[in-house]
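So the structure is just underneath, and the comments pick up after that.
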Amino acid sequence: MNLSAYVNEIHLNNCIYNASGPKCTTDKELHAIGKSQAGAILTKSSTFEHRIGNPEPRYIENQLGSINSMGLPNMGQQYYNTLAPILSTTYQKPYIVSVAGLSLEENINIIKALNQQKDITAIELNLSCPNVPNKPQTAYDFERTQTVLDTIVPICQHKLGVKLPPYFDLIHFQQMAEILNQYPLAFVTCINSIGNGLVIDVDKEQVVIKPKHGFGGIGGDYIKPTALANVRQFYLLLKREISVIACGGVKNGTDAFEHILCGAAAVQVGTQFMREGANCFERISQELQVLMQKKGYQCLDDFRGKLQSI
Ligand code: RRO
């Protein structure tokens with residue numbers, strides 16, 4: 001059973017890999033993803049300089065998912081740039097750097113620095129971080145998104161994709177797709193965490209994370225239906241050259257299958273990777289293969305995008 005995939009022209013031996021965020025900040029964590037069955041190595045979103053992030057506790061899980069307000073802790077662009085040759089040659093899989101500068105100027109400087117590094121396979125430009133105080137999620141401001149892409153697309157020499165927040169209104173899907181279709185993007189990743197949710201400890205009558213009075217991005221089971229809807233909408237609305245990468249609520253092979261049925265070219269794992277560690281990629285891949293075998297499918301193209309309406 002073959003789980004190989006193309007994201008635009010990027011070949012993956014396995015369509016399942018990590019979401020940007022959990023366990024992908026340090027070299028040790030990135031090597032663990034490299035050694036695992038994950039089909040690619042994706043970094044934590046990078047700013048130009050190293051960042052410590054928000055005060056702890058800043059990540060909490062329950063049975064249904066997670067809430068986080070990490071605040072973009074990362075090692076800075078140079079670190080991820082320098083790791084590219086060793087990671088890509090050792091593990092022979094795509095190495096994708098997530099970029100989340102705090103201003104357009106910072107994004108320009110990060111992209112220019114990463115342009116020098118041929119061992120980076122692609123850039124995932126994060127337009128949807130919900131957790132930096134006083135910084136709005138770029139992709140909820142459509143004019144701003146257009147300005148950012150008008151500036152970044154011409155200077156980025158790597159394949160470029162964008163990480164989107166969830167949308168909830170049909171008109172917003174159409175408006176964002178119309179913008180994205182104007183650019184030679186390789187992929188869009190749907191979705192980032194659902195921003196500014198609130199999880200409460202009822203015994204303590206208290207919020208569970210410290211930053212921003214307890215508000216944070218929601219992941220895990222809570223968000224799967226929203227993630228599926230976003231993958232499906234963008235799969236239907238984007239031009240064919242732009243692959244849709246799914247992220248949201250994937251903890252087993254059935255979840256991955258559902259995202260691919262909606263049109264996903266590849267599937268990222270966030271909250272479940274945080275819970276389970278890098279073994280999750282092999283387990284989820286095996287479960288997906290078992291399900292495909294039961295259904296008589298040999299490869300992802302046999303069912304990708306073929307969700308039926310009634
Ligand atoms: O670091 C974070 O707080 C964070 C980021 Br950059 C993001 O894009 N999504 C998220 O849930 N947390």
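Convention: chains lettered A, B, ... in structure tokens order; per-chain residue numbering from 1; ligands numbered from 1 as shown.
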Next on the checklist: If the limit is 6 Å from any atom of ligand 1, counting only C-alpha atoms and all ligand atoms, which residues qualify? Return them as a list in words.
Outcome noted: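 Listing the residues within 6 Å of ligand 1 gives Ser45, Asn68, Ser69, Met70, Gly71, Leu72, Pro73, Ser128, Cys129, Pro130, Asn131, Asn192, Ser193 and Gly217 of chain A.
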Next on the checklist: Which residues are close to Val207 of chain A, i.e. within 12 Å by only C-alpha atoms, leaving aside same-chain residues fewer than 4 positions away? Reply as a ChimeraX atom specification.
Outcome noted: /A:57-60,67-68,197-203,211-216
Report as CSV: every residue of segment 8-79 of chain A with an atom at most 9 Å from segment 274-290 of chain A, its closest pair of atoms, and their distance in Å to one decimal, counting only C-alpha atoms, with rows sorted by chain and ascending residue number.
```
residue,atom,partner,partner_atom,distance
A:Asn14,CA,A:Ser285,CA,7.8
A:Cys15,CA,A:Ser285,CA,8.4
A:Ile16,CA,A:Phe281,CA,6.4
A:Tyr17,CA,A:Phe281,CA,6.5
A:Asn18,CA,A:Phe281,CA,8.1
A:Gly21,CA,A:Met274,CA,9.0
A:Pro22,CA,A:Met274,CA,5.5
A:Lys23,CA,A:Met274,CA,6.6
A:Ala32,CA,A:Ala278,CA,6.7
A:Ile33,CA,A:Ala278,CA,6.1
A:Lys35,CA,A:Ala278,CA,8.6
A:Ser36,CA,A:Ala278,CA,6.0
A:Gln37,CA,A:Glu282,CA,5.3
A:Ala38,CA,A:Phe281,CA,5.3
A:Gly39,CA,A:Phe281,CA,8.4
A:Glu61,CA,A:Arg275,CA,8.3
```
Item to check | Residue contacts of Asn181 of chain A (9 Å, only C-alpha atoms) excluding same-chain residues fewer than 5 positions away, as a ChimeraX atom specification | outcome: /A:176,237-239,242
Checklist entry - Closest to Val250 of chain A among A:Ile191, A:Ala40, A:Leu291, A:Ala5, using only C-alpha atoms? => result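 The shortest atom-to-atom distance to Val250 of chain A comes from A:Ile191.
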Counting only C-alpha atoms, what are the residues of segment 107-143 of chain A within 10 Å of segment 182-186 of chain A, and for each of them which pair of atoms is the nearest and at what distance in Å, to one decimal? Sort the table by chain and rising number, as a Markdown table.
```
| residue | atom | partner | partner_atom | distance |
| --- | --- | --- | --- | --- |
| A:Ala122 | CA | A:Ala186 | CA | 8.6 |
| A:Ile123 | CA | A:Ala186 | CA | 9.5 |
| A:Glu124 | CA | A:Ala186 | CA | 9.6 |
```
Item to check | Close residues, Thr90 of chain A itself excluded, 12 Å, only C-alpha atoms, min 5 positions apart in chain, as a ChimeraX atom specification | outcome: /A:30-35,41,83-85,95,119
Checklist outcome for this item: One residue among A:Ile245, A:Ile120, A:Leu149, A:Leu125 is nearest to Ala100 of chain A when using only C-alpha atoms, and that residue is A:Leu125
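Counting only C-alpha atoms, the residue from A:Leu127, A:Cys156, A:Met75, A:Ala139 that sits nearest to Asn115 of chain A is A:Cys156.
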Checklist entry - segment 172-252 of chain A: which residues are alpha helix (DSSP H) by DSSP, as a ChimeraX atom specification? => result /A:172-180,224-237
Next on the checklist: For the strand (DSSP E) assignment from backbone DSSP, which residues of segment 46-222 of chain A qualify? Please present them as a PyMOL selection string.
Outcome noted: chain A and resi 59-62+65-68+95-99+122-126+159-164+187-190+194-198+200-201+206-207+215-219
Would you save the residues from that selection as a short mmCIF file (atom, residue, chain, number, x, y, z; two decimals), in the first residue's frame, using N, CA and C atoms?
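Generated file (result.cif):
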```
data_model
loop_
_atom_site.label_atom_id
_atom_site.label_comp_id
_atom_site.auth_asym_id
_atom_site.auth_seq_id
_atom_site.Cartn_x
_atom_site.Cartn_y
_atom_site.Cartn_z
N TYR A 59 0.74 25.43 27.54
CA TYR A 59 0.17 24.34 26.72
C TYR A 59 -0.49 23.33 27.66
N ILE A 60 -1.77 23.02 27.42
CA ILE A 60 -2.48 22.04 28.25
C ILE A 60 -3.31 21.15 27.33
N GLU A 61 -3.31 19.85 27.66
CA GLU A 61 -4.12 18.89 26.89
C GLU A 61 -5.22 18.31 27.76
N ASN A 62 -6.32 17.97 27.16
CA ASN A 62 -7.29 17.08 27.80
C ASN A 62 -7.66 16.02 26.79
N GLY A 65 -8.50 17.48 23.25
CA GLY A 65 -7.57 18.27 22.47
C GLY A 65 -6.65 19.11 23.32
N SER A 66 -6.25 20.25 22.76
CA SER A 66 -5.23 21.07 23.42
C SER A 66 -5.59 22.55 23.33
N ILE A 67 -5.00 23.31 24.26
CA ILE A 67 -5.02 24.77 24.14
C ILE A 67 -3.58 25.23 24.32
N ASN A 68 -3.15 26.19 23.48
CA ASN A 68 -1.79 26.69 23.64
C ASN A 68 -1.74 28.19 23.43
N TYR A 95 12.70 19.04 3.82
CA TYR A 95 12.92 19.86 5.02
C TYR A 95 12.25 21.22 4.77
N ILE A 96 11.19 21.47 5.53
CA ILE A 96 10.36 22.66 5.30
C ILE A 96 10.49 23.58 6.50
N VAL A 97 10.77 24.85 6.24
CA VAL A 97 10.94 25.81 7.33
C VAL A 97 9.69 26.68 7.42
N SER A 98 9.09 26.69 8.61
CA SER A 98 7.95 27.58 8.85
C SER A 98 8.48 28.96 9.25
N VAL A 99 7.88 29.98 8.68
CA VAL A 99 8.35 31.37 8.89
C VAL A 99 7.20 32.21 9.44
N ALA A 122 11.16 23.84 1.07
CA ALA A 122 10.04 24.79 0.91
C ALA A 122 9.91 25.63 2.17
N ILE A 123 9.17 26.72 2.02
CA ILE A 123 8.84 27.60 3.14
C ILE A 123 7.33 27.51 3.38
N GLU A 124 6.93 27.34 4.64
CA GLU A 124 5.51 27.47 5.01
C GLU A 124 5.37 28.80 5.75
N LEU A 125 4.81 29.78 5.07
CA LEU A 125 4.67 31.12 5.67
C LEU A 125 3.42 31.13 6.55
N ASN A 126 3.66 31.35 7.84
CA ASN A 126 2.57 31.27 8.82
C ASN A 126 1.82 32.60 8.87
N LYS A 159 10.17 27.08 -2.97
CA LYS A 159 8.73 26.82 -3.09
C LYS A 159 8.06 27.40 -1.85
N LEU A 160 6.90 28.01 -2.05
CA LEU A 160 6.26 28.75 -0.95
C LEU A 160 4.83 28.27 -0.74
N GLY A 161 4.50 28.04 0.52
CA GLY A 161 3.11 27.75 0.89
C GLY A 161 2.71 28.65 2.03
N VAL A 162 1.41 28.71 2.34
CA VAL A 162 0.96 29.53 3.47
C VAL A 162 0.13 28.68 4.44
N LYS A 163 0.28 28.99 5.71
CA LYS A 163 -0.53 28.33 6.75
C LYS A 163 -1.67 29.27 7.09
N LEU A 164 -2.89 28.77 6.91
CA LEU A 164 -4.08 29.60 7.09
C LEU A 164 -4.75 29.32 8.43
N PHE A 187 1.52 25.35 -2.02
CA PHE A 187 0.51 24.71 -1.15
C PHE A 187 -0.10 25.71 -0.19
N VAL A 188 -1.27 25.36 0.34
CA VAL A 188 -1.80 26.02 1.53
C VAL A 188 -2.03 24.94 2.58
N THR A 189 -1.74 25.28 3.82
CA THR A 189 -1.97 24.35 4.93
C THR A 189 -3.17 24.83 5.73
N CYS A 190 -4.18 23.96 5.83
CA CYS A 190 -5.43 24.27 6.55
C CYS A 190 -5.59 23.23 7.65
N ILE A 194 -7.66 26.84 16.24
CA ILE A 194 -8.78 27.78 16.28
C ILE A 194 -8.46 28.81 17.37
N GLY A 195 -8.32 30.05 16.97
CA GLY A 195 -7.75 31.06 17.86
C GLY A 195 -8.64 31.47 19.01
N ASN A 196 -7.97 31.76 20.12
CA ASN A 196 -8.63 32.43 21.25
C ASN A 196 -9.85 31.70 21.81
N GLY A 197 -9.67 30.38 21.95
CA GLY A 197 -10.61 29.59 22.75
C GLY A 197 -10.25 29.73 24.23
N LEU A 198 -11.12 29.18 25.07
CA LEU A 198 -10.91 29.28 26.52
C LEU A 198 -11.22 27.93 27.15
N ILE A 200 -11.24 25.81 30.86
CA ILE A 200 -11.40 26.18 32.27
C ILE A 200 -11.22 24.96 33.17
N ASP A 201 -10.54 25.14 34.28
CA ASP A 201 -10.47 24.13 35.34
C ASP A 201 -11.60 24.42 36.32
N GLN A 206 -10.76 28.42 37.35
CA GLN A 206 -9.60 29.17 36.87
C GLN A 206 -9.28 28.75 35.44
N VAL A 207 -8.69 29.65 34.70
CA VAL A 207 -8.19 29.28 33.36
C VAL A 207 -7.00 28.33 33.51
N PHE A 215 -6.73 32.69 27.25
CA PHE A 215 -7.18 32.47 25.88
C PHE A 215 -6.04 31.88 25.04
N GLY A 216 -6.36 30.92 24.16
CA GLY A 216 -5.31 30.33 23.35
C GLY A 216 -5.86 29.56 22.17
N GLY A 217 -4.96 29.04 21.36
CA GLY A 217 -5.33 28.29 20.15
C GLY A 217 -5.75 26.88 20.50
N ILE A 218 -6.87 26.44 19.93
CA ILE A 218 -7.43 25.12 20.23
C ILE A 218 -7.04 24.13 19.13
N GLY A 219 -6.60 22.94 19.54
CA GLY A 219 -6.25 21.87 18.59
C GLY A 219 -6.88 20.55 19.01
#
```
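Across A:Val132, A:Val269, A:Ala19, A:Ile155, the tightest approach to Leu102 of chain A is made by A:Val132 when counting only C-alpha atoms.
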